[in-house]
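K.L.:
My file is model18.txt. It has compact mmCIF, C-alpha atoms:
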# COMPACT_ATOMS: atom_id res chain seq x y z
CA GLY A 1088 -15.30 -6.24 -8.43
CA GLU A 1089 -14.01 -3.89 -5.85
CA ASP A 1090 -12.72 -0.51 -6.92
CA VAL A 1091 -11.25 2.46 -5.11
CA GLU A 1092 -11.05 5.79 -6.93
CA GLN A 1093 -9.17 8.99 -6.17
CA SER A 1094 -8.47 12.23 -7.98
CA LEU A 1095 -4.94 12.26 -9.36
CA PHE A 1096 -3.59 15.63 -8.31
CA LEU A 1097 -4.09 18.39 -5.73
CA SER A 1098 -2.14 21.61 -5.35
CA VAL A 1099 -2.47 23.84 -2.29
CA ARG A 1100 -0.56 26.72 -0.72
CA GLU A 1101 1.42 26.21 2.45
CA GLY A 1102 -0.77 26.91 5.48
CA ASP A 1103 -4.04 26.10 3.69
CA SER A 1104 -6.09 22.98 4.31
CA SER A 1105 -5.94 20.04 1.91
CA VAL A 1106 -8.83 17.69 1.28
CA ILE A 1107 -8.17 14.43 -0.53
CA ASN A 1108 -11.20 12.44 -1.60
CA CYS A 1109 -11.78 8.75 -2.22
CA THR A 1110 -14.74 6.63 -3.26
CA TYR A 1111 -14.99 2.90 -2.73
CA THR A 1112 -17.38 0.18 -3.79
CA ASP A 1113 -17.40 -2.44 -1.05
CA SER A 1114 -20.17 -1.55 1.38
CA SER A 1115 -19.05 -4.32 3.71
CA SER A 1116 -15.65 -2.71 4.32
CA THR A 1117 -14.90 -2.66 8.02
CA TYR A 1118 -11.76 -0.54 8.01
CA LEU A 1119 -10.59 2.09 5.56
CA TYR A 1120 -7.04 3.34 5.52
CA TRP A 1121 -4.96 6.31 4.42
CA TYR A 1122 -1.32 5.85 3.46
CA LYS A 1123 1.36 8.41 2.53
CA GLN A 1124 4.19 7.75 0.10
CA GLU A 1125 7.14 10.09 -0.18
CA PRO A 1126 9.35 9.94 -3.31
CA GLY A 1127 11.29 6.69 -3.58
CA ALA A 1128 9.94 5.32 -0.31
CA GLY A 1129 7.49 2.70 0.83
CA LEU A 1130 3.98 3.45 2.07
CA GLN A 1131 3.51 4.84 5.55
CA LEU A 1132 0.23 4.25 7.38
CA LEU A 1133 -1.22 7.65 8.29
CA THR A 1134 -4.55 6.82 9.86
CA TYR A 1135 -7.56 4.58 9.54
CA ILE A 1136 -11.24 4.64 10.38
CA PHE A 1137 -13.62 1.92 11.42
CA SER A 1138 -16.81 1.74 9.41
CA ASN A 1139 -19.07 2.46 12.38
CA MET A 1140 -17.48 5.90 12.75
CA ASP A 1141 -18.27 9.07 10.82
CA MET A 1142 -15.17 10.99 11.74
CA LYS A 1143 -11.76 10.50 13.26
CA GLN A 1144 -9.31 13.25 14.17
CA ASP A 1145 -5.62 12.79 14.77
CA GLN A 1146 -3.67 16.03 15.24
CA ARG A 1147 -3.71 17.79 11.83
CA LEU A 1148 -5.52 14.91 10.15
CA THR A 1149 -9.31 14.52 9.97
CA VAL A 1150 -10.93 11.54 8.29
CA LEU A 1151 -14.57 11.74 7.27
CA LEU A 1152 -16.57 8.70 6.23
CA ASN A 1153 -19.93 8.82 4.43
CA LYS A 1154 -21.07 5.21 4.24
CA LYS A 1155 -24.23 6.03 2.33
CA ASP A 1156 -22.26 7.56 -0.51
CA LYS A 1157 -19.20 5.30 0.03
CA HIS A 1158 -17.05 8.38 0.25
CA LEU A 1159 -13.93 8.84 2.34
CA SER A 1160 -11.93 12.03 2.73
CA LEU A 1161 -8.69 13.06 4.39
CA ARG A 1162 -8.30 16.65 5.52
CA ILE A 1163 -4.85 17.97 6.38
CA ALA A 1164 -4.96 21.21 8.35
CA ASP A 1165 -2.19 23.81 8.05
CA THR A 1166 -0.56 21.93 5.16
CA GLN A 1167 3.23 22.06 5.15
CA THR A 1168 5.75 21.49 2.35
CA GLY A 1169 6.68 18.21 4.06
CA ASP A 1170 3.16 16.99 3.37
CA SER A 1171 3.92 16.89 -0.36
CA ALA A 1172 3.57 13.21 -1.29
CA ILE A 1173 1.21 10.70 -2.83
CA TYR A 1174 -1.74 9.73 -0.64
CA PHE A 1175 -3.52 6.41 -1.04
CA CYS A 1176 -6.82 5.27 0.38
CA ALA A 1177 -7.40 1.55 0.77
CA GLU A 1178 -10.07 -0.94 1.76
CA PHE A 1179 -10.23 -4.68 2.11
CA GLY A 1180 -11.60 -6.50 -0.91
CA MET A 1181 -15.12 -7.83 -1.04
CA ASP A 1182 -14.19 -11.42 -1.70
CA SER A 1183 -11.29 -11.68 0.68
CA SER A 1184 -10.38 -10.27 4.03
CA TYR A 1185 -6.71 -10.68 3.10
CA LYS A 1186 -6.46 -8.35 0.14
CA LEU A 1187 -6.04 -4.62 0.72
CA ILE A 1188 -7.22 -2.76 -2.39
CA PHE A 1189 -5.60 0.61 -3.06
CA GLY A 1190 -6.76 3.62 -4.99
CA SER A 1191 -4.48 5.03 -7.67
CA GLY A 1192 -3.18 7.71 -5.33
CA THR A 1193 -3.51 11.50 -5.14
CA ARG A 1194 -0.34 13.52 -5.63
CA LEU A 1195 -0.38 16.47 -3.23
CA LEU A 1196 1.84 19.41 -4.09
CA VAL A 1197 2.27 22.07 -1.43
CA ARG A 1198 3.44 25.43 -2.82
CA PRO A 1199 5.46 27.75 -0.57
CA SER B 1406 8.72 -3.92 17.95
CA GLN B 1407 8.10 -5.29 14.49
CA THR B 1408 10.32 -4.39 11.56
CA ILE B 1409 10.40 -5.35 7.92
CA HIS B 1410 13.52 -5.60 5.81
CA GLN B 1411 13.50 -5.61 2.05
CA TRP B 1412 16.52 -5.82 -0.21
CA PRO B 1413 18.12 -4.81 -2.42
CA ALA B 1414 17.00 -1.19 -2.56
CA THR B 1415 17.79 -0.85 -6.26
CA LEU B 1416 18.52 -3.40 -8.94
CA VAL B 1417 19.35 -3.19 -12.63
CA GLN B 1418 19.00 -6.44 -14.53
CA PRO B 1419 19.16 -7.35 -18.23
CA VAL B 1420 16.19 -8.86 -20.03
CA GLY B 1421 16.15 -12.63 -19.68
CA SER B 1422 18.09 -12.71 -16.41
CA PRO B 1423 16.70 -14.25 -13.20
CA LEU B 1424 15.37 -12.28 -10.25
CA SER B 1425 15.27 -12.83 -6.52
CA LEU B 1426 13.94 -10.20 -4.11
CA GLU B 1427 13.85 -10.99 -0.43
CA CYS B 1428 11.74 -9.69 2.42
CA THR B 1429 11.92 -10.60 6.10
CA VAL B 1430 9.84 -9.54 9.07
CA GLU B 1431 11.05 -9.42 12.66
CA GLY B 1432 9.18 -9.21 15.92
CA THR B 1433 6.03 -11.10 15.00
CA SER B 1434 5.01 -14.63 14.13
CA ASN B 1435 2.73 -16.03 11.43
CA PRO B 1436 2.22 -12.72 9.65
CA ASN B 1437 0.31 -12.34 6.41
CA LEU B 1438 2.88 -11.37 3.77
CA TYR B 1439 2.38 -9.47 0.52
CA TRP B 1440 4.18 -8.45 -2.66
CA TYR B 1441 2.89 -5.38 -4.49
CA ARG B 1442 4.21 -3.71 -7.62
CA GLN B 1443 3.94 -0.01 -8.34
CA ALA B 1444 4.46 1.21 -11.89
CA ALA B 1445 5.40 4.79 -12.72
CA GLY B 1446 4.93 6.00 -9.13
CA ARG B 1447 1.19 5.43 -9.19
CA GLY B 1448 -1.20 2.72 -8.10
CA LEU B 1449 -0.31 -0.52 -6.39
CA GLN B 1450 -0.95 -3.89 -7.96
CA LEU B 1451 -1.18 -6.87 -5.62
CA LEU B 1452 1.00 -9.67 -6.97
CA PHE B 1453 1.06 -12.34 -4.26
CA TYR B 1454 0.02 -12.85 -0.69
CA SER B 1455 0.67 -15.58 1.83
CA VAL B 1456 -1.16 -16.51 5.02
CA GLY B 1457 1.34 -19.18 6.10
CA ILE B 1458 4.47 -21.12 5.23
CA GLY B 1459 4.19 -22.64 1.77
CA GLN B 1460 0.80 -20.98 1.15
CA ILE B 1461 0.92 -18.57 -1.78
CA SER B 1462 -1.99 -16.88 -3.53
CA SER B 1463 -1.31 -15.36 -6.92
CA GLU B 1464 -3.33 -12.40 -8.05
CA VAL B 1465 -1.91 -11.70 -11.49
CA PRO B 1466 -0.68 -14.40 -13.93
CA GLN B 1467 2.77 -13.46 -15.16
CA ASN B 1468 6.34 -14.62 -15.20
CA LEU B 1469 6.84 -13.90 -11.49
CA SER B 1470 6.55 -16.36 -8.63
CA ALA B 1471 6.67 -16.14 -4.85
CA SER B 1472 7.77 -18.48 -2.12
CA ARG B 1473 7.62 -18.50 1.65
CA PRO B 1474 10.28 -20.93 2.87
CA GLN B 1475 10.14 -19.69 6.46
CA ASP B 1476 7.45 -18.06 8.59
CA ARG B 1477 8.83 -14.54 8.26
CA GLN B 1478 10.54 -14.75 4.87
CA PHE B 1479 8.91 -13.94 1.54
CA ILE B 1480 10.76 -14.18 -1.76
CA LEU B 1481 9.77 -12.86 -5.18
CA SER B 1482 11.41 -14.58 -8.14
CA SER B 1483 11.53 -14.77 -11.88
CA LYS B 1484 13.38 -17.16 -14.16
CA LYS B 1485 13.54 -14.67 -17.05
CA LEU B 1486 12.85 -10.98 -16.63
CA LEU B 1487 10.89 -8.96 -19.18
CA LEU B 1488 11.14 -5.23 -19.81
CA SER B 1489 7.61 -4.91 -18.43
CA ASP B 1490 8.80 -6.24 -15.07
CA SER B 1491 10.44 -2.90 -14.33
CA GLY B 1492 8.85 -1.12 -11.40
CA PHE B 1493 8.89 -0.51 -7.69
CA TYR B 1494 8.32 -3.69 -5.67
CA LEU B 1495 6.94 -3.42 -2.18
CA CYS B 1496 6.77 -6.09 0.47
CA ALA B 1497 4.27 -5.75 3.30
CA TRP B 1498 3.09 -7.64 6.37
CA ARG B 1499 0.23 -7.60 8.82
CA VAL B 1500 -1.18 -9.67 11.63
CA THR B 1501 -4.48 -11.41 11.01
CA GLY B 1502 -7.86 -9.73 11.01
CA HIS B 1503 -8.35 -6.31 9.48
CA SER B 1504 -5.14 -4.83 10.82
CA PRO B 1505 -3.34 -2.48 8.42
CA LEU B 1506 -0.46 -3.44 6.17
CA HIS B 1507 3.02 -2.28 7.05
CA PHE B 1508 5.37 -1.75 4.13
CA GLY B 1509 9.07 -2.15 3.54
CA ASN B 1510 11.11 0.52 1.81
CA GLY B 1511 10.75 -1.08 -1.60
CA THR B 1512 13.05 -2.29 -4.38
CA ARG B 1513 13.42 -0.24 -7.55
CA LEU B 1514 13.90 -2.77 -10.38
CA THR B 1515 15.00 -1.61 -13.82
CA VAL B 1516 15.10 -4.22 -16.57
CA THR B 1517 17.31 -3.13 -19.46
How does the structure come out when it is put into structure tokens?
P.N.:
Amino acid sequence: GEDVEQSLFLSVREGDSSVINCTYTDSSSTYLYWYKQEPGAGLQLLTYIFSNMDMKQDQRLTVLLNKKDKHLSLRIADTQTGDSAIYFCAEFGMDSSYKLIFGSGTRLLVRP
Amino acid sequence: SQTIHQWPATLVQPVGSPLSLECTVEGTSNPNLYWYRQAAGRGLQLLFYSVGIGQISSEVPQNLSASRPQDRQFILSSKKLLLSDSGFYLCAWRVTGHSPLHFGNGTRLTVT
């Protein structure tokens, strides 16, 4: 079945860059997504990338997609304390275009 | 613009009591609707999704059920809560195709 994997924890200093990694299994995925969850809140869509793209940049966010290795990454430049949150990558499931499958989330801690 | 409302925000219920969580979407018609559960602030488990009124797909067999009595209303229910039903319940919607999911603010359910 489909599976999305992420590292559990990342700690960086304020002002440094953060790179959050994700691997997925469904090679037919058309869109891949990054969500941010702050404590006690719902998930907020950060950005997404279409599978025919290698890179997408949106202000401080850069998404890189390696389809050969089924690897997705989210780079946050000039990381701020407000970026501390859990970050989820997600893809649509192999057997259904309705089901968005999430990774287990990476907790980003930004130290002052 | 589209908005999603989910209530209540927090709920404390005794074991064996019934449950009803409600979610409504405004500003769109015929959305796909979803219920996810998040345990211990980590990964998301898809519970139910619906592509139309009265159409419910269940992903995980358990003592929860879902209903969609109106186009933009999605209800999560249980006749008798278990301790293991505690968690953070998230409702989400999207338009058809591979558009992203948009989440409500969640309901924190504690079963005592």
K.L.:
Which polymer residues have any atom within 8 Å of an atom of Ala1414 of chain B, counting all atoms listed in the file, with same-chain residues fewer than 2 positions away left out, as a list of chain:residue names?
P.N.:
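Listing them by chain and then by number gives B:Gln1411, B:Trp1412, B:Leu1416, B:Asn1510, B:Gly1511, B:Thr1512, B:Arg1513.
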K.L.:
Enter the distance from atom CA of Val1091 of chain A to atom CA of Gly1509 of chain B, in Å, rounded to one decimal.
P.N.:
22.6 Å
K.L.:
Given the choices B:Ser1504, B:Gln1418, B:Ser1470, B:Ser1463, which gets closest to Leu1488 of chain B if the distance is worked out from only C-alpha atoms?
P.N.:
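So, comparing all the options, the nearest one is B:Gln1418.
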K.L.:
From the list A:Leu1130, A:Ile1163, A:Leu1196, A:Lys1157, which residue is nearest Asp1145 of chain A when using all atoms listed in the file?
P.N.:
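Closest candidate: A:Ile1163.
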K.L.:
Mind running chain A against chain B at 6 Å and telling me each contacting residue's nearest atom pair with the distance in Å (one decimal), counting all atoms listed in the file, chain and number ascending, as a Markdown table?
P.N.:
| residue | atom | partner | partner_atom | distance |
| --- | --- | --- | --- | --- |
| A:Ala1128 | CA | B:Asn1510 | CA | 5.4 |
| A:Gly1129 | CA | B:Asn1510 | CA | 4.3 |
| A:Leu1130 | CA | B:Phe1508 | CA | 5.8 |
| A:Ser1191 | CA | B:Gly1448 | CA | 4.0 |
K.L.:
Which is closest to Ser1434 of chain B among B:Ala1471, B:Val1500, B:Ile1461, B:Phe1479, if we use only C-alpha atoms?
P.N.:
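Smallest distance to Ser1434 of chain B is found for B:Val1500.
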K.L.:
Using all atoms of segment 1468-1485 of chain B listed in the file and a margin of 8 Å per side, can you give the axis-aligned box centre and edge lengths in Å to one decimal, as lines of an AutoDock Vina configuration file?
P.N.:
center_x = 9.9
center_y = -16.9
center_z = -4.2
size_x = 23.2
size_y = 24.1
size_z = 41.6
K.L.:
Excluding Thr1112 of chain A and residues on its chain fewer than 4 positions from it, collect all residues at most 12 Å away from it, counting only C-alpha atoms, and give them as a PyMOL selection string.
P.N.:
chain A and resi 1088-1092+1116+1119+1154-1159+1177-1181+1188-1190
K.L.:
Between B:Ser1483, B:Ser1489, B:Thr1408, B:Thr1517, which has the minimum distance to Leu1426 of chain B (counting all atoms listed in the file)?
P.N.:
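Checking each of B:Ser1483, B:Ser1489, B:Thr1408, B:Thr1517 against Leu1426 of chain B, counting all atoms listed in the file, the winner is B:Ser1483.
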K.L.:
Mind checking which residues fall within 8 Å of Gln1124 of chain A, counting all atoms listed in the file, ignoring those fewer than 5 positions away in the same chain, and posting them as a list in words?
P.N.:
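That gives Gly1129, Leu1130, Gln1131, Ala1172, Ile1173, Tyr1174 and Phe1175 of chain A.
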K.L.:
Taking all atoms listed in the file into account, name the residue in B:Glu1431, B:Ile1458, B:Leu1424, B:Val1516 that is nearest to Asp1476 of chain B.
P.N.:
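Ranking B:Glu1431, B:Ile1458, B:Leu1424, B:Val1516 by distance to Asp1476 of chain B, first place goes to B:Ile1458.
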K.L.:
Do you have the atom CA of Pro1126 of chain A-atom CA of Leu1151 of chain A distance handy?
P.N.:
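Going from atom CA of Pro1126 of chain A over to atom CA of Leu1151 of chain A, I get 26.2 Å.
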K.L.:
Counting all atoms listed in the file, note down every residue that has an atom within 7 Å of the point (1.5, 22.6, -2.1) (file coordinates), as number ranges by chain.
P.N.:
A: 1098-1101, 1168, 1171, 1195-1199
